[in-house]
$ cat target_13.csv   # CSV, C-alpha atoms and all ligand atoms
chain,number,residue,atom,x,y,z
A,1188,MET,CA,-91.5,45.5,162.2
A,1189,THR,CA,-88.1,44.0,162.1
A,1190,LEU,CA,-87.3,41.6,165.0
A,1191,LYS,CA,-83.7,41.2,166.0
A,1192,LEU,CA,-83.5,37.6,167.1
A,1193,ASP,CA,-80.4,35.7,167.9
A,1194,ILE,CA,-80.8,32.9,165.3
A,1195,ASN,CA,-78.0,30.9,163.9
A,1196,PRO,CA,-77.3,30.4,160.2
A,1197,ILE,CA,-77.7,26.8,159.0
A,1198,LYS,CA,-73.9,26.4,158.8
A,1199,ALA,CA,-73.7,26.8,162.6
A,1200,TRP,CA,-75.3,23.4,163.2
A,1201,LEU,CA,-74.4,21.8,159.9
A,1202,PRO,CA,-70.8,23.0,159.3
A,1203,HIS,CA,-70.1,20.8,156.3
A,1204,ILE,CA,-73.0,22.2,154.2
A,1205,ASP,CA,-71.9,23.8,151.0
A,1206,ASN,CA,-75.2,23.8,149.1
A,1207,PRO,CA,-78.8,24.4,149.8
A,1208,LEU,CA,-80.1,22.5,152.8
A,1209,LEU,CA,-81.9,19.5,151.3
A,1210,ILE,CA,-84.0,17.4,153.7
A,1211,SER,CA,-85.6,14.2,152.4
A,1212,GLY,CA,-87.2,11.1,153.5
A,1213,PRO,CA,-90.7,9.5,153.7
A,1214,CYS,CA,-93.8,11.3,154.7
A,1215,SER,CA,-94.3,8.5,157.3
A,1216,LEU,CA,-92.0,5.9,158.5
A,1217,GLU,CA,-93.9,2.6,157.9
A,1218,THR,CA,-91.5,-0.3,158.6
A,1219,GLU,CA,-87.9,-0.5,159.6
A,1220,LYS,CA,-87.0,-1.8,156.2
A,1221,GLN,CA,-88.8,1.0,154.3
A,1222,ALA,CA,-87.1,3.6,156.6
A,1223,LEU,CA,-83.6,2.1,156.0
A,1224,ASP,CA,-83.9,1.2,152.3
A,1225,THR,CA,-85.1,4.8,151.5
A,1226,ALA,CA,-82.3,6.2,153.7
A,1227,ARG,CA,-79.5,4.1,152.1
A,1228,LEU,CA,-80.4,5.4,148.6
A,1229,LEU,CA,-80.8,9.0,149.8
A,1230,ALA,CA,-77.4,8.9,151.5
A,1231,LYS,CA,-75.7,8.0,148.3
A,1232,ASP,CA,-76.7,11.4,146.9
A,1233,LYS,CA,-74.4,13.9,148.6
A,1234,ARG,CA,-76.8,16.7,148.0
A,1235,VAL,CA,-79.1,15.3,150.8
A,1236,PHE,CA,-78.0,16.7,154.2
A,1237,VAL,CA,-80.8,15.6,156.6
A,1238,TYR,CA,-83.2,12.6,156.7
A,1239,ARG,CA,-86.8,13.1,157.6
A,1240,GLY,CA,-89.4,10.6,158.7
A,1241,GLY,CA,-92.9,11.3,160.1
A,1242,VAL,CA,-93.6,9.1,163.2
A,1243,TRP,CA,-96.7,10.8,164.6
A,1244,LYS,CA,-98.8,11.9,161.7
A,1245,PRO,CA,-101.4,14.7,161.9
A,1246,ARG,CA,-104.2,13.4,159.6
A,1247,THR,CA,-107.0,15.7,158.6
A,1248,ARG,CA,-109.6,12.9,159.0
A,1249,PRO,CA,-109.5,10.1,161.6
A,1250,GLY,CA,-109.1,6.6,160.4
A,1251,SER,CA,-106.1,7.1,158.1
A,1252,PHE,CA,-102.6,5.9,159.0
A,1253,GLU,CA,-101.6,7.9,162.0
A,1254,GLY,CA,-97.9,6.9,162.1
A,1255,VAL,CA,-96.0,4.1,163.8
A,1256,GLY,CA,-95.3,6.1,167.0
A,1257,SER,CA,-92.3,5.9,169.2
A,1258,ILE,CA,-90.8,2.8,167.6
A,1259,GLY,CA,-90.1,5.0,164.6
A,1260,LEU,CA,-87.6,6.9,166.7
A,1261,GLU,CA,-85.5,3.7,167.0
A,1262,TRP,CA,-85.5,3.4,163.2
A,1263,LEU,CA,-84.4,7.0,162.9
A,1264,LYS,CA,-81.5,6.3,165.2
A,1265,LYS,CA,-80.6,3.3,163.0
A,1266,VAL,CA,-80.7,5.5,159.9
A,1267,ARG,CA,-78.3,7.9,161.5
A,1268,GLU,CA,-76.0,5.1,162.7
A,1269,GLU,CA,-75.9,3.5,159.3
A,1270,THR,CA,-75.8,6.5,157.0
A,1271,GLY,CA,-74.4,9.3,159.1
A,1272,LEU,CA,-77.2,11.6,158.1
A,1273,PRO,CA,-78.8,13.8,160.8
A,1274,VAL,CA,-82.4,12.7,161.4
A,1275,GLY,CA,-85.6,14.5,162.2
A,1276,THR,CA,-89.3,14.1,162.8
A,1277,GLU,CA,-92.4,16.2,163.5
A,1278,VAL,CA,-93.4,16.8,167.1
A,1279,ALA,CA,-97.0,18.0,167.9
A,1280,ASN,CA,-97.2,18.0,171.7
A,1281,ALA,CA,-95.1,17.9,174.9
A,1282,GLN,CA,-94.8,14.1,175.0
A,1283,HIS,CA,-93.6,13.9,171.3
A,1284,THR,CA,-91.0,16.5,172.1
A,1285,GLU,CA,-89.8,14.8,175.3
A,1286,GLU,CA,-89.4,11.5,173.4
A,1287,ALA,CA,-87.7,13.0,170.4
A,1288,LEU,CA,-85.2,14.9,172.6
A,1289,LYS,CA,-84.6,11.8,174.7
A,1290,ALA,CA,-83.9,9.8,171.5
A,1291,GLY,CA,-81.4,12.5,170.5
A,1292,LEU,CA,-82.9,13.4,167.2
A,1293,ASP,CA,-81.0,16.1,165.4
A,1294,VAL,CA,-83.9,18.0,164.0
A,1295,LEU,CA,-87.5,18.5,165.3
A,1296,TRP,CA,-90.1,20.3,163.3
A,1297,ILE,CA,-93.4,21.8,164.2
A,1298,GLY,CA,-96.1,21.0,161.6
A,1299,ALA,CA,-98.5,23.5,159.9
A,1300,ARG,CA,-101.5,22.5,162.0
A,1301,SER,CA,-99.5,23.0,165.2
A,1302,THR,CA,-98.0,26.3,164.2
A,1303,ALA,CA,-101.6,27.6,163.9
A,1304,SER,CA,-102.1,27.0,167.7
A,1305,PRO,CA,-100.1,29.2,170.1
A,1306,PHE,CA,-101.0,26.8,173.0
A,1307,VAL,CA,-99.4,23.9,171.2
A,1308,VAL,CA,-96.3,25.8,170.2
A,1309,GLN,CA,-95.9,27.1,173.8
A,1310,GLU,CA,-96.3,23.5,175.1
A,1311,ILE,CA,-93.5,22.3,172.7
A,1312,ALA,CA,-91.3,25.3,173.5
A,1313,ASP,CA,-91.5,24.7,177.2
A,1314,VAL,CA,-90.1,21.2,176.7
A,1315,LEU,CA,-87.4,22.4,174.3
A,1316,LYS,CA,-86.1,24.9,177.0
A,1317,GLY,CA,-82.5,24.2,177.9
A,1318,SER,CA,-81.8,21.9,174.8
A,1319,ASP,CA,-79.7,22.8,171.8
A,1320,ALA,CA,-82.2,21.3,169.4
A,1321,VAL,CA,-82.6,22.3,165.8
A,1322,VAL,CA,-86.2,23.4,165.4
A,1323,MET,CA,-88.0,23.9,162.1
A,1324,ILE,CA,-91.2,25.7,162.0
A,1325,LYS,CA,-93.7,25.2,159.2
A,1326,ASN,CA,-96.0,28.0,158.3
A,1327,PRO,CA,-99.4,27.9,159.9
A,1328,VAL,CA,-102.2,26.5,157.6
A,1329,ASN,CA,-103.6,30.1,157.2
A,1330,PRO,CA,-101.4,32.8,155.6
A,1331,ASP,CA,-100.9,34.8,158.8
A,1332,VAL,CA,-97.3,36.0,159.0
A,1333,GLN,CA,-97.8,37.2,162.7
A,1334,LEU,CA,-98.8,33.7,163.7
A,1335,TRP,CA,-95.8,32.2,162.0
A,1336,MET,CA,-93.5,34.8,163.6
A,1337,GLY,CA,-95.2,34.2,167.0
A,1338,ALA,CA,-94.2,30.5,166.8
A,1339,VAL,CA,-90.6,31.5,166.0
A,1340,GLU,CA,-90.6,33.9,168.9
A,1341,ARG,CA,-92.0,31.3,171.3
A,1342,VAL,CA,-89.3,28.8,170.4
A,1343,HIS,CA,-86.6,31.5,170.5
A,1344,GLN,CA,-87.8,32.8,173.9
A,1345,VAL,CA,-86.8,29.5,175.5
A,1346,GLY,CA,-83.3,29.8,174.3
A,1347,ILE,CA,-83.4,27.9,171.0
A,1348,LYS,CA,-81.1,29.5,168.4
A,1349,ASN,CA,-81.1,26.9,165.7
A,1350,ILE,CA,-84.3,27.7,164.0
A,1351,VAL,CA,-85.4,27.4,160.3
A,1352,ALA,CA,-88.8,28.3,158.9
A,1353,ILE,CA,-90.4,26.1,156.3
A,1354,HIS,CA,-92.9,27.4,153.7
A,1355,ARG,CA,-95.3,24.5,152.9
A,1356,GLY,CA,-98.2,26.4,151.5
A,1357,PHE,CA,-101.6,27.4,152.8
A,1358,THR,CA,-105.0,25.7,152.8
A,1359,PRO,CA,-107.0,26.7,149.8
A,1360,PHE,CA,-110.7,27.5,150.0
A,1361,SER,CA,-111.6,25.6,146.9
A,1362,ASP,CA,-110.0,23.1,144.6
A,1363,THR,CA,-106.8,24.5,143.2
A,1364,LYS,CA,-104.0,23.2,141.1
A,1365,TYR,CA,-101.9,22.7,144.2
A,1366,ARG,CA,-102.8,21.0,147.4
A,1367,ASN,CA,-101.7,24.0,149.5
A,1368,TYR,CA,-101.2,27.2,147.6
A,1369,PRO,CA,-97.8,28.9,147.9
A,1370,ASN,CA,-97.9,32.5,149.1
A,1371,TRP,CA,-94.5,34.1,148.4
A,1372,LYS,CA,-95.8,37.4,149.7
A,1373,THR,CA,-96.1,35.9,153.2
A,1374,VAL,CA,-92.7,34.4,152.9
A,1375,ILE,CA,-91.2,37.8,151.8
A,1376,GLU,CA,-92.9,39.4,154.8
A,1377,LEU,CA,-91.4,36.9,157.1
A,1378,ARG,CA,-88.0,37.5,155.6
A,1379,ARG,CA,-88.4,41.3,156.0
A,1380,ASN,CA,-89.5,40.9,159.6
A,1381,ILE,CA,-86.8,38.4,160.7
A,1382,PRO,CA,-84.0,38.9,158.1
A,1383,ASN,CA,-81.6,36.4,159.7
A,1384,LEU,CA,-84.1,33.5,159.9
A,1385,PRO,CA,-83.2,30.8,157.3
A,1386,ILE,CA,-86.3,29.9,155.2
A,1387,ILE,CA,-86.6,26.7,153.2
A,1388,CYS,CA,-89.5,25.4,151.1
A,1389,ASP,CA,-91.5,22.1,151.3
A,1390,PRO,CA,-92.6,21.7,147.7
A,1391,SER,CA,-94.2,18.3,148.5
A,1392,HIS,CA,-97.0,19.6,150.7
A,1393,ILE,CA,-97.5,22.6,148.4
A,1394,ALA,CA,-97.7,20.4,145.3
A,1395,GLY,CA,-99.7,17.4,146.5
A,1396,LYS,CA,-98.7,15.8,143.2
A,1397,ARG,CA,-95.2,14.7,142.0
A,1398,GLU,CA,-95.6,16.5,138.7
A,1399,TYR,CA,-95.5,19.9,140.3
A,1400,LEU,CA,-92.5,19.4,142.5
A,1401,TYR,CA,-90.0,20.7,140.0
A,1402,GLU,CA,-91.7,24.0,139.2
A,1403,ILE,CA,-92.3,24.8,142.9
A,1404,SER,CA,-88.7,23.9,143.9
A,1405,GLN,CA,-87.3,26.1,141.1
A,1406,LYS,CA,-89.6,29.0,142.2
A,1407,ALA,CA,-88.3,28.5,145.8
A,1408,PHE,CA,-84.7,28.9,144.6
A,1409,ASP,CA,-85.7,31.9,142.4
A,1410,MET,CA,-87.2,33.5,145.5
A,1411,GLY,CA,-84.0,32.9,147.5
A,1412,MET,CA,-85.1,30.1,149.8
A,1413,GLU,CA,-82.1,28.4,151.4
A,1414,GLY,CA,-83.2,24.8,150.9
A,1415,LEU,CA,-85.9,22.2,150.4
A,1416,MET,CA,-87.7,19.5,152.3
A,1417,VAL,CA,-88.9,16.9,149.8
A,1418,GLU,CA,-90.7,13.7,150.7
A,1419,SER,CA,-89.2,10.6,149.2
A,1420,HIS,CA,-90.1,6.9,149.5
A,1421,ILE,CA,-88.6,3.7,148.3
A,1422,ASP,CA,-92.0,2.8,146.6
A,1423,PRO,CA,-94.1,6.0,146.6
A,1424,SER,CA,-97.2,4.4,145.0
A,1425,CYS,CA,-97.5,2.1,148.0
A,1426,ALA,CA,-96.9,4.8,150.6
A,1427,LEU,CA,-99.4,4.8,153.6
A,1428,SER,CA,-99.6,8.6,153.5
A,1429,ASP,CA,-99.2,11.2,150.8
A,1430,ALA,CA,-98.6,8.6,148.1
A,1431,GLY,CA,-99.2,11.1,145.2
A,1432,GLN,CA,-96.5,13.6,146.2
A,1433,GLN,CA,-93.5,11.4,147.1
A,1434,LEU,CA,-90.5,10.7,144.8
A,1435,THR,CA,-88.2,7.7,144.7
A,1436,PRO,CA,-84.7,8.7,145.7
A,1437,ALA,CA,-83.7,8.2,142.1
A,1438,ASP,CA,-86.3,10.6,140.8
A,1439,LEU,CA,-85.3,13.1,143.5
A,1440,GLY,CA,-81.8,13.0,142.1
A,1441,LYS,CA,-83.1,13.7,138.6
A,1442,MET,CA,-85.1,16.6,139.8
A,1443,LEU,CA,-82.1,18.1,141.6
A,1444,ASP,CA,-80.0,17.7,138.4
A,1445,LYS,CA,-82.5,20.0,136.6
A,1446,LEU,CA,-82.9,22.7,139.3
A,1447,VAL,CA,-80.9,25.9,139.0
A,1448,ILE,CA,-79.7,27.0,142.4
A,1449,ARG,CA,-79.6,30.8,142.8
A,1450,TYR,CA,-77.6,32.8,145.4
A,1451,GLU,CA,-78.1,36.2,147.0
A,1452,THR,CA,-75.0,37.5,145.1
A,1453,ALA,CA,-72.9,36.3,142.3
A,1454,ASN,CA,-69.5,37.3,143.8
A,1455,ASN,CA,-68.6,38.6,140.4
A,1456,PRO,CA,-67.6,42.3,139.9
A,1457,GLU,CA,-68.8,42.4,136.3
A,1458,PHE,CA,-72.3,41.2,137.4
A,1459,GLU,CA,-72.4,43.7,140.2
A,1460,THR,CA,-71.5,46.6,137.9
A,1461,ARG,CA,-74.2,45.7,135.4
A,1462,LEU,CA,-76.8,45.1,138.1
A,1463,ASP,CA,-76.0,48.5,139.7
A,1464,MET,CA,-76.4,50.2,136.3
A,1465,LEU,CA,-79.7,48.5,135.6
A,1466,ARG,CA,-80.9,49.4,139.1
A,1467,SER,CA,-80.0,53.0,138.8
A,1468,ARG,CA,-82.2,53.1,135.6
A,1469,ILE,CA,-85.0,51.6,137.6
A,1470,ASP,CA,-84.5,54.2,140.4
A,1471,ALA,CA,-84.7,57.0,137.8
A,1472,ILE,CA,-87.9,55.6,136.3
A,1473,ASP,CA,-89.4,55.2,139.8
A,1474,SER,CA,-88.7,58.8,140.6
A,1475,GLU,CA,-90.3,59.9,137.3
A,1476,LEU,CA,-93.3,57.8,138.1
A,1477,LEU,CA,-93.7,59.5,141.5
A,1478,GLU,CA,-93.3,62.9,140.0
A,1479,MET,CA,-96.0,62.1,137.5
A,1480,LEU,CA,-98.3,60.8,140.2
A,1481,SER,CA,-97.8,64.0,142.1
A,1482,SER,CA,-98.8,66.0,139.0
A,1483,ARG,CA,-101.9,63.8,138.7
A,1484,VAL,CA,-102.8,64.5,142.3
A,1485,GLU,CA,-102.7,68.3,141.7
A,1486,ILE,CA,-105.2,67.9,138.8
A,1487,VAL,CA,-107.4,65.5,140.8
A,1488,LYS,CA,-107.6,68.2,143.5
A,1489,GLU,CA,-108.5,70.9,141.0
A,1490,ILE,CA,-111.3,68.6,139.6
A,1491,GLY,CA,-112.5,68.0,143.2
A,1492,LYS,CA,-112.8,71.8,143.8
A,1493,TYR,CA,-114.5,72.3,140.5
A,1494,LYS,CA,-117.0,69.5,141.1
A,1495,LYS,CA,-117.7,70.9,144.6
A,1496,GLU,CA,-118.5,74.4,143.2
A,1497,ASN,CA,-120.9,72.8,140.8
A,1498,ASN,CA,-122.5,70.3,143.2
A,1499,VAL,CA,-121.3,67.3,141.2
A,1500,THR,CA,-120.4,63.9,142.9
A,1501,ALA,CA,-116.9,62.8,143.4
A,1502,LEU,CA,-117.5,59.5,141.7
A,1503,GLN,CA,-118.8,59.2,138.1
A,1504,ILE,CA,-119.2,55.6,137.4
A,1505,ASN,CA,-119.4,55.9,133.6
A,1506,ARG,CA,-116.1,57.9,133.5
A,1507,TRP,CA,-114.6,55.3,135.8
A,1508,SER,CA,-115.6,52.4,133.5
A,1509,GLN,CA,-114.3,54.2,130.4
A,1510,LEU,CA,-111.0,55.1,132.1
A,1511,MET,CA,-110.5,51.5,133.2
A,1512,GLU,CA,-111.3,50.0,129.8
A,1513,ASN,CA,-108.9,52.5,128.1
A,1514,ARG,CA,-106.1,51.9,130.6
A,1515,ILE,CA,-106.3,48.2,130.2
A,1516,ASN,CA,-106.3,48.5,126.4
A,1517,VAL,CA,-103.3,50.8,126.4
A,1518,GLY,CA,-101.6,48.5,129.0
A,1519,ASN,CA,-102.2,45.5,126.7
A,1520,SER,CA,-100.7,47.3,123.7
A,1521,LEU,CA,-97.6,48.0,125.9
A,1522,ASN,CA,-97.4,44.3,127.0
A,1523,LEU,CA,-98.4,45.1,130.6
A,1524,ASP,CA,-100.1,42.4,132.6
A,1525,GLU,CA,-103.9,43.1,132.6
A,1526,THR,CA,-104.4,42.2,136.3
A,1527,PHE,CA,-101.5,44.4,137.2
A,1528,VAL,CA,-102.9,47.4,135.3
A,1529,LYS,CA,-106.4,46.8,136.8
A,1530,ILE,CA,-105.1,46.7,140.4
A,1531,LEU,CA,-102.8,49.7,139.8
A,1532,PHE,CA,-105.7,51.9,138.4
A,1533,GLN,CA,-108.1,50.7,141.1
A,1534,LEU,CA,-105.6,52.0,143.7
A,1535,ILE,CA,-105.0,55.3,141.8
A,1536,HIS,CA,-108.7,55.8,141.3
A,1537,GLU,CA,-109.7,54.9,144.9
A,1538,ASP,CA,-107.2,57.5,146.1
A,1539,SER,CA,-108.6,60.1,143.7
A,1540,VAL,CA,-112.1,59.6,144.9
A,1541,ARG,CA,-110.9,59.8,148.5
A,1542,MET,CA,-109.1,63.1,147.9
A,1543,GLN,CA,-112.2,64.6,146.1
A,1544,THR,CA,-114.6,63.6,148.9
A,1545,GLU,CA,-112.2,65.1,151.4
A,1546,ILE,CA,-112.2,68.4,149.4
A,1547,MET,CA,-116.0,68.3,149.3
A,1548,ASP,CA,-116.4,67.7,153.0
A,1549,SER,CA,-113.9,70.4,154.0
A,1550,GLU,CA,-115.2,73.8,155.3
A,1551,ASP,CA,-113.9,76.1,152.6
A,1601,LIG,C1,-95.3,16.4,156.9
A,1601,LIG,O1,-94.3,17.0,156.8
A,1601,LIG,O2,-95.4,15.2,156.7
A,1601,LIG,C2,-96.5,17.1,157.3
A,1601,LIG,C3,-97.6,16.5,157.8
A,1601,LIG,O3,-96.5,18.4,157.0
A,1601,LIG,P1,-97.4,19.7,157.2
A,1601,LIG,O4,-97.4,20.0,158.7
A,1601,LIG,O5,-96.8,20.6,156.3
A,1601,LIG,O6,-98.8,19.3,156.7
A,1602,MN,MN,-96.6,14.3,154.2
$ encode --input "target_13.csv" --output "structure tokens"
Amino acid sequence: MTLKLDINPIKAWLPHIDNPLLISGPCSLETEKQALDTARLLAKDKRVFVYRGGVWKPRTRPGSFEGVGSIGLEWLKKVREETGLPVGTEVANAQHTEEALKAGLDVLWIGARSTASPFVVQEIADVLKGSDAVVMIKNPVNPDVQLWMGAVERVHQVGIKNIVAIHRGFTPFSDTKYRNYPNWKTVIELRRNIPNLPIICDPSHIAGKREYLYEISQKAFDMGMEGLMVESHIDPSCALSDAGQQLTPADLGKMLDKLVIRYETANNPEFETRLDMLRSRIDAIDSELLEMLSSRVEIVKEIGKYKKENNVTALQINRWSQLMENRINVGNSLNLDETFVKILFQLIHEDSVRMQTEIMDSED
């Protein structure tokens, strides 16, 4: 389902941008000095385009630092005055949104917990109506692309055109390497459904730990994301929230130096010619694959009829185990990924059994 929404490219509200959209700043604003000291260092790096600072913090358990509240908006205004960087914060209800708009913040974002609630998103959208705010929408905590799209639609419906989606990962069910596991399939689905919606990545909340930020950020660029939101703090180890995942502005710069930025096209005819040639080889192989699958289907049907005539079941578990073992071994010897081969043959076999039972259940 492709939605045609009137959404602006990032350049429409940030005309001087010539690189990926990099947003950085503390998870939480803690003091005016922390906010400004962090901003001054970030502003020296011309790759940073927007300053972020959480003012109202959604904490999973009560009792942790819940943000400095409205006073933080004044600090954000000072950051903008002093550094010239556009500034943004998270809004999670109507009152936050009213205050953030009144303070004239450049960017508002809806957090992952809020995106998961259509009531909250609608409440925020109703306040946004009539403004020309830039609104960023994080993915919901659960990997539900419809819910993510629904939030984009609610914000778009009230007339907001400056919208950006943020992939910040999804809540895992058990302990995993990352705090929130990335799910690129969901991101690709969002891109397919709303092709003109810019999508950036928040590696900080995916990673949970500084050491993973680089690999996730590189993957985001490899996947064609248009930017990053990375948490940074003048003294990360003393941060009042998310201490383990924030970078000093200097370390952020070092990470950016290492990242390879990728673009949708290379604007290079030689590259395009070679890519076209390789793609036509892939197209030819895919059509051979489909023809072979079709020949396989014919044989499967013949087996189905033969089994029916002889009152034999559609599924023979021994044959299935042997087949799978053999295909995995052959796959291994051909350097194919084992999980891929398994899933592929599960699908093929499931469909063979389906066809055979259909033949058995048919009248003739
Ligand atoms: C944040 O950006 O600080 C934050 C709380 O993010 P999320 O909504 O992704 O958890
Ligand atoms: Mn955070």
$ closest_residue --input "target_13.csv" --among "A:Leu1272, A:Ile1469, A:Lys1231, A:Trp1243" --to "A:His1203" --atoms "all atoms listed in the file"
A:Leu1272
$ atom_distance --input "target_13.csv" --atom1 "atom CA of A:Asp1193" --atom2 "atom CA of A:Glu1413"
18.1 Å
$ residues_near_ligand --input "target_13.csv" --ligand "ligand LIG 1601 (chain A)" --cutoff "9 Å" --atoms "all atoms listed in the file" --output "JSON list (two decimals) with C-alpha atoms, in the coordinates of the input"
[["chain", "number", "residue", "atom", "x", "y", "z"],
["A", 1213, "PRO", "CA", -90.70, 9.50, 153.70],
["A", 1214, "CYS", "CA", -93.80, 11.30, 154.70],
["A", 1215, "SER", "CA", -94.30, 8.50, 157.30],
["A", 1239, "ARG", "CA", -86.80, 13.10, 157.60],
["A", 1240, "GLY", "CA", -89.40, 10.60, 158.70],
["A", 1241, "GLY", "CA", -92.90, 11.30, 160.10],
["A", 1243, "TRP", "CA", -96.70, 10.80, 164.60],
["A", 1244, "LYS", "CA", -98.80, 11.90, 161.70],
["A", 1245, "PRO", "CA", -101.40, 14.70, 161.90],
["A", 1246, "ARG", "CA", -104.20, 13.40, 159.60],
["A", 1276, "THR", "CA", -89.30, 14.10, 162.80],
["A", 1277, "GLU", "CA", -92.40, 16.20, 163.50],
["A", 1296, "TRP", "CA", -90.10, 20.30, 163.30],
["A", 1297, "ILE", "CA", -93.40, 21.80, 164.20],
["A", 1298, "GLY", "CA", -96.10, 21.00, 161.60],
["A", 1299, "ALA", "CA", -98.50, 23.50, 159.90],
["A", 1300, "ARG", "CA", -101.50, 22.50, 162.00],
["A", 1301, "SER", "CA", -99.50, 23.00, 165.20],
["A", 1302, "THR", "CA", -98.00, 26.30, 164.20],
["A", 1325, "LYS", "CA", -93.70, 25.20, 159.20],
["A", 1326, "ASN", "CA", -96.00, 28.00, 158.30],
["A", 1327, "PRO", "CA", -99.40, 27.90, 159.90],
["A", 1328, "VAL", "CA", -102.20, 26.50, 157.60],
["A", 1353, "ILE", "CA", -90.40, 26.10, 156.30],
["A", 1354, "HIS", "CA", -92.90, 27.40, 153.70],
["A", 1355, "ARG", "CA", -95.30, 24.50, 152.90],
["A", 1356, "GLY", "CA", -98.20, 26.40, 151.50],
["A", 1389, "ASP", "CA", -91.50, 22.10, 151.30],
["A", 1391, "SER", "CA", -94.20, 18.30, 148.50],
["A", 1392, "HIS", "CA", -97.00, 19.60, 150.70],
["A", 1393, "ILE", "CA", -97.50, 22.60, 148.40],
["A", 1416, "MET", "CA", -87.70, 19.50, 152.30],
["A", 1417, "VAL", "CA", -88.90, 16.90, 149.80],
["A", 1418, "GLU", "CA", -90.70, 13.70, 150.70],
["A", 1428, "SER", "CA", -99.60, 8.60, 153.50],
["A", 1429, "ASP", "CA", -99.20, 11.20, 150.80]]
$ closest_residue --input "target_13.csv" --among "A:Leu1443, A:Leu1216, A:Cys1425, A:Ala1287" --to "ligand MN 1602 (chain A)" --atoms "only C-alpha atoms and all ligand atoms"
A:Leu1216
$ residues_around --input "target_13.csv" --residues "A:Tyr1401" --least-positions-apart "3" --cutoff "10 Å" --atoms "all atoms listed in the file" --output "compact mmCIF listing (two decimals) with C-alpha atoms, in the frame of the given file"
# COMPACT_ATOMS: atom_id res chain seq x y z
CA PRO A 1390 -92.60 21.70 147.70
CA SER A 1391 -94.20 18.30 148.50
CA ALA A 1394 -97.70 20.40 145.30
CA ARG A 1397 -95.20 14.70 142.00
CA GLU A 1398 -95.60 16.50 138.70
CA SER A 1404 -88.70 23.90 143.90
CA GLN A 1405 -87.30 26.10 141.10
CA LYS A 1406 -89.60 29.00 142.20
CA ALA A 1407 -88.30 28.50 145.80
CA LEU A 1439 -85.30 13.10 143.50
CA LYS A 1441 -83.10 13.70 138.60
CA MET A 1442 -85.10 16.60 139.80
CA LEU A 1443 -82.10 18.10 141.60
CA LYS A 1445 -82.50 20.00 136.60
CA LEU A 1446 -82.90 22.70 139.30
$ closest_residue --input "target_13.csv" --among "A:Ile1258, A:Ile1535, A:Val1242, A:Leu1415" --to "ligand MN 1602 (chain A)" --atoms "all atoms listed in the file"
A:Val1242
$ residues_around --input "target_13.csv" --residues "stretch 1375-1379 of chain A" --least-positions-apart "2" --cutoff "10 Å" --atoms "only C-alpha atoms" --output "list of chain:residue names"
A:Met1188, A:Thr1189, A:Leu1190, A:Asp1331, A:Val1332, A:Gln1333, A:Trp1335, A:Met1336, A:Ala1352, A:Asn1370, A:Trp1371, A:Lys1372, A:Thr1373, A:Ile1381, A:Pro1382, A:Asn1383, A:Leu1384, A:Pro1385, A:Ile1386, A:Met1410, A:Gly1411, A:Met1412
$ decode --input "target_13.csv" --residues "stretch 1256-1267 of chain A" --atoms "N, CA and C atoms" --output "PDB file, in the first residue's frame"
ATOM      1  N   GLY A1256      12.045  19.843  32.745  1.00  0.00           N
ATOM      2  CA  GLY A1256      10.767  20.499  32.450  1.00  0.00           C
ATOM      3  C   GLY A1256      10.956  21.793  31.680  1.00  0.00           C
ATOM      4  N   SER A1257       9.942  22.667  31.800  1.00  0.00           N
ATOM      5  CA  SER A1257       9.846  23.849  30.923  1.00  0.00           C
ATOM      6  C   SER A1257      11.077  24.750  30.922  1.00  0.00           C
ATOM      7  N   ILE A1258      11.800  24.819  32.035  1.00  0.00           N
ATOM      8  CA  ILE A1258      12.979  25.698  32.091  1.00  0.00           C
ATOM      9  C   ILE A1258      13.980  25.319  30.987  1.00  0.00           C
ATOM     10  N   GLY A1259      13.966  24.031  30.630  1.00  0.00           N
ATOM     11  CA  GLY A1259      14.871  23.550  29.582  1.00  0.00           C
ATOM     12  C   GLY A1259      14.610  24.218  28.237  1.00  0.00           C
ATOM     13  N   LEU A1260      13.366  24.652  28.021  1.00  0.00           N
ATOM     14  CA  LEU A1260      13.042  25.316  26.744  1.00  0.00           C
ATOM     15  C   LEU A1260      13.814  26.629  26.640  1.00  0.00           C
ATOM     16  N   GLU A1261      13.958  27.304  27.790  1.00  0.00           N
ATOM     17  CA  GLU A1261      14.730  28.557  27.800  1.00  0.00           C
ATOM     18  C   GLU A1261      16.191  28.288  27.438  1.00  0.00           C
ATOM     19  N   TRP A1262      16.731  27.170  27.948  1.00  0.00           N
ATOM     20  CA  TRP A1262      18.131  26.824  27.628  1.00  0.00           C
ATOM     21  C   TRP A1262      18.269  26.506  26.140  1.00  0.00           C
ATOM     22  N   LEU A1263      17.262  25.823  25.591  1.00  0.00           N
ATOM     23  CA  LEU A1263      17.322  25.519  24.149  1.00  0.00           C
ATOM     24  C   LEU A1263      17.336  26.812  23.336  1.00  0.00           C
ATOM     25  N   LYS A1264      16.542  27.779  23.775  1.00  0.00           N
ATOM     26  CA  LYS A1264      16.524  29.066  23.053  1.00  0.00           C
ATOM     27  C   LYS A1264      17.908  29.731  23.126  1.00  0.00           C
ATOM     28  N   LYS A1265      18.542  29.624  24.305  1.00  0.00           N
ATOM     29  CA  LYS A1265      19.887  30.207  24.443  1.00  0.00           C
ATOM     30  C   LYS A1265      20.881  29.496  23.520  1.00  0.00           C
ATOM     31  N   VAL A1266      20.751  28.185  23.434  1.00  0.00           N
ATOM     32  CA  VAL A1266      21.640  27.410  22.545  1.00  0.00           C
ATOM     33  C   VAL A1266      21.496  27.934  21.118  1.00  0.00           C
ATOM     34  N   ARG A1267      20.265  28.125  20.696  1.00  0.00           N
ATOM     35  CA  ARG A1267      20.044  28.597  19.319  1.00  0.00           C
ATOM     36  C   ARG A1267      20.612  29.999  19.116  1.00  0.00           C
TER      37      ARG A1267
END
